[in-house]
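File shown: upload38.cif (mmCIF, C-alpha atoms).
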data_work
#
loop_
_atom_site.label_atom_id
_atom_site.label_comp_id
_atom_site.auth_asym_id
_atom_site.auth_seq_id
_atom_site.Cartn_x
_atom_site.Cartn_y
_atom_site.Cartn_z
CA LYS A 1 0.00 0.00 0.00
CA THR A 2 1.34 3.43 -0.96
CA LYS A 3 1.90 5.84 1.92
CA GLU A 4 1.44 9.58 1.55
CA SER A 5 4.82 10.16 3.18
CA ASP A 6 6.49 8.12 0.44
CA ILE A 7 4.90 10.24 -2.31
CA ASN A 8 5.80 13.46 -0.50
CA LEU A 9 9.45 12.54 0.08
CA SER A 10 9.91 11.21 -3.44
CA MET A 11 8.45 14.41 -4.86
CA CYS A 12 10.67 16.65 -2.73
CA LYS A 13 13.77 14.78 -3.86
CA ALA A 14 12.64 15.07 -7.50
CA ILE A 15 12.09 18.84 -7.11
CA LYS A 16 15.51 19.24 -5.50
CA ALA A 17 17.13 17.35 -8.39
CA GLN A 18 15.39 19.55 -10.97
CA LEU A 19 16.34 22.75 -9.13
CA ALA A 20 19.99 21.64 -9.16
CA VAL A 21 19.75 21.96 -12.95
CA LYS A 22 17.31 24.87 -13.32
CA MET A 23 18.88 27.10 -10.62
CA PRO A 24 22.23 25.71 -9.43
CA SER A 25 22.90 28.75 -7.23
CA LEU A 26 19.84 28.02 -5.08
CA GLU A 27 20.41 26.13 -1.85
CA VAL A 28 17.60 23.60 -1.40
CA ILE A 29 17.11 21.99 2.02
CA LEU A 30 14.75 19.09 2.75
CA THR A 31 13.18 18.99 6.20
CA ARG A 32 13.71 15.23 6.13
CA GLU A 33 15.75 12.84 3.98
CA THR A 34 14.14 9.63 5.26
CA ASP A 35 10.66 8.40 6.25
CA LYS A 36 11.28 9.42 9.87
CA ALA A 37 9.19 12.28 11.31
CA LEU A 38 10.82 15.14 13.20
CA HIS A 39 8.59 14.38 16.23
CA GLU A 40 5.88 11.85 17.05
CA ASP A 41 3.42 14.64 17.92
CA ARG A 42 2.13 16.04 14.62
CA ASN A 43 1.79 19.62 15.87
CA ILE A 44 5.34 19.67 17.25
CA ASP A 45 6.60 17.99 14.07
CA ASN A 46 5.05 20.72 11.90
CA LYS A 47 6.32 23.49 14.16
CA ARG A 48 9.87 22.11 13.91
CA ARG A 49 9.67 22.15 10.12
CA ALA A 50 8.77 25.84 10.22
CA GLU A 51 11.53 26.51 12.75
CA LEU A 52 14.06 24.84 10.45
CA ALA A 53 13.06 27.22 7.65
CA ASN A 54 13.21 30.16 10.08
CA ASP A 55 16.70 29.20 11.26
CA LYS A 56 17.90 29.04 7.64
CA GLY A 57 16.30 32.36 6.73
CA ALA A 58 14.57 30.61 3.83
CA ASP A 59 13.03 32.59 0.97
CA LEU A 60 10.30 29.96 0.72
CA LEU A 61 8.96 26.91 2.57
CA LEU A 62 7.09 24.47 0.35
CA SER A 63 5.13 21.80 2.20
CA ILE A 64 4.26 18.85 -0.06
CA HIS A 65 1.21 16.65 0.52
CA ALA A 66 -1.14 14.21 -1.18
CA ASN A 67 -4.86 14.63 -0.59
CA ALA A 68 -7.85 12.40 0.23
CA ALA A 69 -11.65 12.61 0.03
CA ASP A 70 -14.70 10.43 0.68
CA ASN A 71 -15.70 10.70 -2.99
CA LYS A 72 -13.20 8.69 -5.02
CA SER A 73 -13.89 10.75 -8.15
CA VAL A 74 -12.55 13.95 -6.59
CA ASN A 75 -9.27 14.97 -8.17
CA GLY A 76 -6.97 17.92 -8.72
CA THR A 77 -4.20 20.04 -7.25
CA GLU A 78 -4.55 22.60 -4.49
CA VAL A 79 -2.18 25.34 -3.33
CA TRP A 80 -2.80 26.53 0.22
CA ILE A 81 -1.46 29.64 1.93
CA LEU A 82 -1.87 31.02 5.43
CA SER A 83 -4.96 32.88 6.54
CA LEU A 84 -5.93 33.84 10.08
CA ASP A 85 -9.33 35.26 9.10
CA GLU A 86 -11.95 33.05 10.74
CA ASP A 87 -14.67 33.61 8.12
CA THR A 88 -12.24 32.70 5.33
CA LEU A 89 -11.12 29.61 7.24
CA ARG A 90 -14.65 28.36 7.80
CA GLN A 91 -15.51 28.73 4.12
CA ASN A 92 -12.34 27.07 2.86
CA ARG A 93 -12.58 24.15 5.26
CA LYS A 94 -16.21 23.63 4.30
CA ASN A 95 -15.35 23.51 0.59
CA SER A 96 -12.07 21.58 0.78
CA GLY A 97 -13.66 18.13 0.78
CA ALA A 98 -10.48 16.70 2.26
CA PHE A 99 -9.64 14.62 5.30
CA VAL A 100 -7.64 16.99 7.49
CA ASP A 101 -5.44 15.72 10.30
CA GLU A 102 -6.25 17.89 13.31
CA GLY A 103 -2.53 18.07 14.02
CA GLU A 104 -2.10 19.94 10.75
CA MET A 105 -4.17 22.99 11.77
CA MET A 106 -3.86 25.61 14.51
CA HIS A 107 -7.63 26.31 14.92
CA VAL A 108 -7.04 30.03 15.42
CA GLU A 109 -10.66 30.47 16.48
CA ASN A 110 -9.59 28.86 19.78
CA ILE A 111 -6.37 30.88 20.17
CA SER A 112 -6.20 34.03 22.30
CA LYS A 113 -5.79 37.00 19.98
CA SER A 114 -3.61 38.68 22.62
CA SER A 115 -1.13 35.79 22.79
CA LEU A 116 2.40 36.54 21.60
CA GLY A 117 2.36 33.61 19.17
CA TYR A 118 -0.80 34.86 17.46
CA ILE A 119 0.45 38.46 17.26
CA ILE A 120 3.72 37.29 15.66
CA ALA A 121 1.85 35.00 13.23
CA LEU A 122 -0.52 37.84 12.26
CA SER A 123 2.38 40.22 11.72
CA ASN A 124 4.21 37.64 9.59
CA GLN A 125 1.07 37.00 7.54
CA MET A 126 0.62 40.70 6.81
CA THR A 127 4.26 40.94 5.68
CA ASN A 128 4.31 37.73 3.66
CA ASP A 129 0.82 37.72 2.17
CA PRO A 130 1.85 39.34 -1.16
CA PHE A 131 4.69 36.83 -1.53
CA ASN A 132 2.51 33.87 -0.53
CA ASN A 133 -0.15 34.87 -3.04
CA THR A 134 2.45 35.40 -5.75
CA PHE A 135 3.97 31.94 -5.32
CA ALA A 136 0.55 30.28 -5.03
CA ARG A 137 -0.70 31.83 -8.30
CA ILE A 138 2.53 30.89 -10.09
CA ALA A 139 2.36 27.27 -8.85
CA ASP A 140 -1.32 26.97 -9.75
CA THR A 141 -0.57 28.20 -13.28
CA LYS A 142 2.31 25.74 -13.63
CA PHE A 143 0.07 22.83 -12.63
CA LYS A 144 -2.50 23.88 -15.23
CA SER A 145 0.24 24.04 -17.87
CA LYS A 146 0.82 20.32 -17.25
CA GLY A 147 -2.84 19.59 -17.89
CA ARG A 148 -3.69 19.05 -14.24
CA HIS A 149 -7.16 19.88 -12.94
CA SER A 150 -6.77 22.77 -10.50
CA ARG A 151 -8.96 23.11 -7.44
CA GLY A 152 -7.49 26.57 -6.94
CA VAL A 153 -5.62 28.59 -4.36
CA LYS A 154 -7.03 28.09 -0.86
CA PHE A 155 -6.49 29.47 2.63
CA ASN A 156 -6.07 27.78 6.00
CA ASP A 157 -4.24 28.07 9.33
CA TRP A 158 -1.88 25.16 8.67
CA THR A 159 0.45 24.63 11.63
CA VAL A 160 3.57 24.54 9.44
CA LEU A 161 2.66 27.94 7.93
CA TYR A 162 1.46 29.51 11.20
CA TRP A 163 4.91 29.28 12.80
CA LEU A 164 6.76 30.35 9.66
CA ASN A 165 8.51 33.73 9.61
CA GLY A 166 8.90 33.96 5.83
CA PRO A 167 6.85 33.06 2.74
CA GLY A 168 5.43 29.57 2.39
CA ALA A 169 2.76 27.39 0.82
CA LEU A 170 1.28 23.94 1.30
CA VAL A 171 0.72 22.01 -1.93
CA GLU A 172 -1.67 19.10 -2.42
CA LEU A 173 -0.41 17.15 -5.46
CA GLY A 174 -3.62 15.19 -6.02
CA PHE A 175 -5.98 12.71 -4.37
CA MET A 176 -4.72 9.32 -3.23
CA THR A 177 -8.35 8.22 -2.94
CA ASN A 178 -8.77 8.64 -6.71
CA PRO A 179 -7.24 5.49 -8.31
CA ASP A 180 -6.27 7.27 -11.53
CA GLU A 181 -4.68 10.18 -9.71
CA LEU A 182 -2.82 7.88 -7.32
CA ALA A 183 -1.42 5.97 -10.29
CA TYR A 184 -0.34 9.27 -11.86
CA MET A 185 1.34 10.59 -8.70
CA THR A 186 3.32 7.38 -8.26
CA SER A 187 4.29 7.02 -11.92
CA GLU A 188 7.59 8.24 -13.37
CA ARG A 189 5.73 10.56 -15.73
CA GLY A 190 3.56 12.00 -12.97
CA GLN A 191 6.50 12.56 -10.64
CA ASP A 192 8.50 14.24 -13.43
CA GLU A 193 5.64 16.53 -14.48
CA LEU A 194 4.66 17.58 -10.97
CA ALA A 195 8.27 18.14 -9.93
CA ASP A 196 8.90 20.13 -13.10
CA ALA A 197 5.87 22.34 -12.43
CA LEU A 198 6.90 23.11 -8.86
CA ALA A 199 10.59 23.57 -9.70
CA ASP A 200 9.61 26.06 -12.41
CA ALA A 201 7.32 27.84 -9.94
CA ILE A 202 10.14 28.13 -7.40
CA VAL A 203 12.58 29.45 -10.02
CA GLN A 204 10.08 32.07 -11.22
CA PHE A 205 9.31 33.10 -7.64
CA ILE A 206 12.99 33.41 -6.64
CA ASN A 207 13.74 35.42 -9.80
CA ARG A 208 10.90 37.76 -8.90
CA LEU A 209 12.31 38.20 -5.39
CA ASP A 210 15.71 39.03 -6.87
CA GLN A 211 14.15 41.59 -9.22
CA MET A 212 12.41 43.29 -6.29
CA ALA A 213 15.64 43.29 -4.26
CA GLU A 214 17.57 44.83 -7.15
CA TYR A 215 14.88 47.47 -7.62
CA ALA A 216 14.95 48.33 -3.91
CA ALA A 217 18.76 48.45 -3.92
CA SER A 218 18.85 50.75 -6.94
CA GLY A 219 16.63 53.22 -5.10
CA ALA A 220 18.91 53.43 -2.08
CA GLU A 221 21.31 56.37 -2.31
CA GLY A 222 24.83 55.14 -2.69
CA GLN A 223 24.03 51.74 -1.30
CA GLY A 224 23.07 49.00 -3.75
CA SER A 225 24.41 45.65 -2.86
CA SER A 226 23.75 42.44 -4.74
CA PRO A 227 20.97 40.33 -3.20
CA THR A 228 22.11 37.17 -1.45
CA GLU A 229 20.28 34.00 -2.38
CA GLU A 230 18.71 32.38 0.68
CA PRO A 231 17.72 28.71 0.69
CA ALA A 232 14.41 27.27 -0.33
CA VAL A 233 13.18 24.64 2.11
CA GLU A 234 11.02 21.76 0.96
CA ASP A 235 8.87 20.05 3.56
CA ALA A 236 7.82 16.46 2.96
#
Please go through the file and, once you have read it, give me the structure as structure tokens.
Amino acid sequence: KTKESDINLSMCKAIKAQLAVKMPSLEVILTRETDKALHEDRNIDNKRRAELANDKGADLLLSIHANAADNKSVNGTEVWILSLDEDTLRQNRKNSGAFVDEGEMMHVENISKSSLGYIIALSNQMTNDPFNNTFARIADTKFKSKGRHSRGVKFNDWTVLYWLNGPGALVELGFMTNPDELAYMTSERGQDELADALADAIVQFINRLDQMAEYAASGAEGQGSSPTEEPAVEDA
């Protein structure tokens, strides 16, 4: 039986291999190299993945997943980014049609809005929202270019994104509960196409960051230094 963790790890390694060719200057770090979790508690495990990206000062955290639904005909990709707006969260969860591990979400409706963790997360979201949306739209477009059915860009309070200081997104590659889509995700062709789409999205996003950094540097009087490439972290 195919495990989601196997698909996720295989995909992250495929993306890393493609990025070594498409953007050799980019440092790509995997949050795990084996099938071993960072912690047995899912919430702590997800927080540690975000902390790894924070410690590295990553330009982007990409969390890779494979989806599931009661209806076996449901298919398609999803790109999720952080939202702390409770009305948005309720609507997106209602329409997601996915089995969601409770350890994957923060449930901000139950978090004190005066807590330091929430204030930091809200501040980070306000700073990173334009970048998160930019990457999500790019990735969604790249999936469509491969002929994949897109279920769109969605919003949730994923634990791994809540604790993240910089930009990030959670990607659902497809539905394991759909036999055709499972076969595609585990095939050589499917792995190559999905990895190619996400590697291209990362390259386009990083190039856009560099362009913005160069523009900002050119506007600073007498100070324009070349932007330093920070790592992209892939979370399986």
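Residues lying within 6 Å of region 164-180 of chain A, counting all atoms listed in the file and ignoring same-chain neighbours fewer than 3 positions away, are Ala50, Asn54, Leu60, Leu61, Leu62, Ser63, Ile64, His65, Ala66, Asn67, Ala68, Lys72, Ser73, Asn75, Gly76, Thr77, Glu78, Val79, Trp80, Ile81, Asn124, Asn128, Asn132, Leu161 and Ala183 of chain A.
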- One residue among A:Val160, A:Ala69, A:Leu19, A:Leu84 is nearest to Thr31 (chain A) when using only C-alpha atoms, and that residue is A:Val160
- Counting all atoms listed in the file, closest pick from A:Pro130, A:Ala201, A:Ala217, A:Val74 relative to His149 (chain A) is A:Val74
- Query: So how far away is CA of Asn156 (chain A) from CA of Leu89 (chain A), in Å?
  - Reply: 5.5 Å
- Task: List the residues selected by the PyMOL selection byres ((chain A and resi 118) around 12) in the file shown, writing them as a ChimeraX atom specification.
- Result: /A:83-85,106-117,119-125,157,159,162-164
Atoms to include: C-alpha atoms. Write the selected residues as a PDB file, in the frame of the given file.
ATOM      1  CA  SER A  83      -4.960  32.880   6.540  1.00  0.00           C
ATOM      2  CA  LEU A  84      -5.930  33.840  10.080  1.00  0.00           C
ATOM      3  CA  ASP A  85      -9.330  35.260   9.100  1.00  0.00           C
ATOM      4  CA  MET A 106      -3.860  25.610  14.510  1.00  0.00           C
ATOM      5  CA  HIS A 107      -7.630  26.310  14.920  1.00  0.00           C
ATOM      6  CA  VAL A 108      -7.040  30.030  15.420  1.00  0.00           C
ATOM      7  CA  GLU A 109     -10.660  30.470  16.480  1.00  0.00           C
ATOM      8  CA  ASN A 110      -9.590  28.860  19.780  1.00  0.00           C
ATOM      9  CA  ILE A 111      -6.370  30.880  20.170  1.00  0.00           C
ATOM     10  CA  SER A 112      -6.200  34.030  22.300  1.00  0.00           C
ATOM     11  CA  LYS A 113      -5.790  37.000  19.980  1.00  0.00           C
ATOM     12  CA  SER A 114      -3.610  38.680  22.620  1.00  0.00           C
ATOM     13  CA  SER A 115      -1.130  35.790  22.790  1.00  0.00           C
ATOM     14  CA  LEU A 116       2.400  36.540  21.600  1.00  0.00           C
ATOM     15  CA  GLY A 117       2.360  33.610  19.170  1.00  0.00           C
ATOM     16  CA  ILE A 119       0.450  38.460  17.260  1.00  0.00           C
ATOM     17  CA  ILE A 120       3.720  37.290  15.660  1.00  0.00           C
ATOM     18  CA  ALA A 121       1.850  35.000  13.230  1.00  0.00           C
ATOM     19  CA  LEU A 122      -0.520  37.840  12.260  1.00  0.00           C
ATOM     20  CA  SER A 123       2.380  40.220  11.720  1.00  0.00           C
ATOM     21  CA  ASN A 124       4.210  37.640   9.590  1.00  0.00           C
ATOM     22  CA  GLN A 125       1.070  37.000   7.540  1.00  0.00           C
ATOM     23  CA  ASP A 157      -4.240  28.070   9.330  1.00  0.00           C
ATOM     24  CA  THR A 159       0.450  24.630  11.630  1.00  0.00           C
ATOM     25  CA  TYR A 162       1.460  29.510  11.200  1.00  0.00           C
ATOM     26  CA  TRP A 163       4.910  29.280  12.800  1.00  0.00           C
ATOM     27  CA  LEU A 164       6.760  30.350   9.660  1.00  0.00           C
TER      28      LEU A 164
END
- Nearby residues (only C-alpha atoms) at most 12 Å from Thr141 (chain A), same-chain spacing under 3 positions excluded, as a ChimeraX atom specification: /A:77-79,134-138,144-153,197-198,200-201,204
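Shortest atom-to-atom contact with Asp140 (chain A) among A:Lys1, A:Lys154, A:Thr88, A:Asn46: A:Lys154, counting only C-alpha atoms.
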- Query: CA of Lys36 (chain A) and CA of Asn8 (chain A) are how many Å apart?
  - Reply: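 Here the two named atoms are 12.4 Å from each other.
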- Message: One decimal, in Å: what's the spacing between CA of Gln18 (chain A) and CA of Ile202 (chain A)?
- Response: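 Going from CA of Gln18 (chain A) over to CA of Ile202 (chain A) covers 10.7 Å.
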Using the partial input, fill out region 183-212 of chain A with N, CA and C atoms; write the result as an mmCIF file, in the coordinates of the input.
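Contents of result.cif, freshly written:
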data_model
loop_
_atom_site.group_PDB
_atom_site.id
_atom_site.type_symbol
_atom_site.label_atom_id
_atom_site.label_comp_id
_atom_site.auth_asym_id
_atom_site.auth_seq_id
_atom_site.Cartn_x
_atom_site.Cartn_y
_atom_site.Cartn_z
ATOM 1 N N ALA A 183 -2.316 6.595 -9.307
ATOM 2 C CA ALA A 183 -1.420 5.970 -10.290
ATOM 3 C C ALA A 183 -0.538 7.014 -10.957
ATOM 4 N N TYR A 184 -1.113 8.185 -11.237
ATOM 5 C CA TYR A 184 -0.340 9.270 -11.860
ATOM 6 C C TYR A 184 0.740 9.778 -10.918
ATOM 7 N N MET A 185 0.386 10.029 -9.664
ATOM 8 C CA MET A 185 1.340 10.590 -8.700
ATOM 9 C C MET A 185 2.501 9.643 -8.409
ATOM 10 N N THR A 186 2.273 8.355 -8.553
ATOM 11 C CA THR A 186 3.320 7.380 -8.260
ATOM 12 C C THR A 186 4.043 6.905 -9.513
ATOM 13 N N SER A 187 3.633 7.409 -10.670
ATOM 14 C CA SER A 187 4.290 7.020 -11.920
ATOM 15 C C SER A 187 5.501 7.913 -12.181
ATOM 16 N N GLU A 188 6.414 7.438 -13.013
ATOM 17 C CA GLU A 188 7.590 8.240 -13.370
ATOM 18 C C GLU A 188 7.170 9.517 -14.091
ATOM 19 N N ARG A 189 6.208 9.390 -14.999
ATOM 20 C CA ARG A 189 5.730 10.560 -15.730
ATOM 21 C C ARG A 189 5.097 11.574 -14.792
ATOM 22 N N GLY A 190 4.231 11.103 -13.904
ATOM 23 C CA GLY A 190 3.560 12.000 -12.970
ATOM 24 C C GLY A 190 4.541 12.712 -12.058
ATOM 25 N N GLN A 191 5.489 11.969 -11.521
ATOM 26 C CA GLN A 191 6.500 12.560 -10.640
ATOM 27 C C GLN A 191 7.317 13.620 -11.390
ATOM 28 N N ASP A 192 7.700 13.301 -12.626
ATOM 29 C CA ASP A 192 8.500 14.240 -13.430
ATOM 30 C C ASP A 192 7.715 15.517 -13.715
ATOM 31 N N GLU A 193 6.441 15.360 -14.117
ATOM 32 C CA GLU A 193 5.640 16.530 -14.480
ATOM 33 C C GLU A 193 5.339 17.416 -13.277
ATOM 34 N N LEU A 194 4.974 16.801 -12.163
ATOM 35 C CA LEU A 194 4.660 17.580 -10.970
ATOM 36 C C LEU A 194 5.895 18.267 -10.413
ATOM 37 N N ALA A 195 7.018 17.552 -10.404
ATOM 38 C CA ALA A 195 8.270 18.140 -9.930
ATOM 39 C C ALA A 195 8.714 19.277 -10.836
ATOM 40 N N ASP A 196 8.536 19.103 -12.146
ATOM 41 C CA ASP A 196 8.900 20.130 -13.100
ATOM 42 C C ASP A 196 8.060 21.389 -12.889
ATOM 43 N N ALA A 197 6.764 21.200 -12.659
ATOM 44 C CA ALA A 197 5.870 22.340 -12.430
ATOM 45 C C ALA A 197 6.275 23.121 -11.192
ATOM 46 N N LEU A 198 6.563 22.418 -10.101
ATOM 47 C CA LEU A 198 6.900 23.110 -8.860
ATOM 48 C C LEU A 198 8.314 23.698 -8.900
ATOM 49 N N ALA A 199 9.240 23.008 -9.552
ATOM 50 C CA ALA A 199 10.590 23.570 -9.700
ATOM 51 C C ALA A 199 10.532 24.856 -10.520
ATOM 52 N N ASP A 200 9.761 24.851 -11.598
ATOM 53 C CA ASP A 200 9.610 26.060 -12.410
ATOM 54 C C ASP A 200 8.959 27.183 -11.608
ATOM 55 N N ALA A 201 7.994 26.829 -10.770
ATOM 56 C CA ALA A 201 7.320 27.840 -9.940
ATOM 57 C C ALA A 201 8.305 28.454 -8.948
ATOM 58 N N ILE A 202 9.145 27.623 -8.359
ATOM 59 C CA ILE A 202 10.140 28.130 -7.400
ATOM 60 C C ILE A 202 11.136 29.048 -8.100
ATOM 61 N N VAL A 203 11.625 28.636 -9.274
ATOM 62 C CA VAL A 203 12.580 29.450 -10.020
ATOM 63 C C VAL A 203 11.976 30.812 -10.371
ATOM 64 N N GLN A 204 10.737 30.810 -10.856
ATOM 65 C CA GLN A 204 10.080 32.070 -11.220
ATOM 66 C C GLN A 204 9.889 32.949 -9.995
ATOM 67 N N PHE A 205 9.526 32.343 -8.872
ATOM 68 C CA PHE A 205 9.310 33.100 -7.640
ATOM 69 C C PHE A 205 10.622 33.705 -7.138
ATOM 70 N N ILE A 206 11.692 32.918 -7.105
ATOM 71 C CA ILE A 206 12.990 33.410 -6.640
ATOM 72 C C ILE A 206 13.495 34.526 -7.552
ATOM 73 N N ASN A 207 13.328 34.363 -8.853
ATOM 74 C CA ASN A 207 13.740 35.420 -9.800
ATOM 75 C C ASN A 207 12.970 36.703 -9.532
ATOM 76 N N ARG A 208 11.704 36.565 -9.188
ATOM 77 C CA ARG A 208 10.900 37.760 -8.900
ATOM 78 C C ARG A 208 11.381 38.435 -7.618
ATOM 79 N N LEU A 209 11.756 37.636 -6.622
ATOM 80 C CA LEU A 209 12.310 38.200 -5.390
ATOM 81 C C LEU A 209 13.602 38.963 -5.680
ATOM 82 N N ASP A 210 14.452 38.376 -6.520
ATOM 83 C CA ASP A 210 15.710 39.030 -6.870
ATOM 84 C C ASP A 210 15.467 40.349 -7.601
ATOM 85 N N GLN A 211 14.474 40.365 -8.487
ATOM 86 C CA GLN A 211 14.150 41.590 -9.220
ATOM 87 C C GLN A 211 13.697 42.687 -8.258
ATOM 88 N N MET A 212 12.885 42.307 -7.270
ATOM 89 C CA MET A 212 12.410 43.290 -6.290
ATOM 90 C C MET A 212 13.562 43.791 -5.432
#
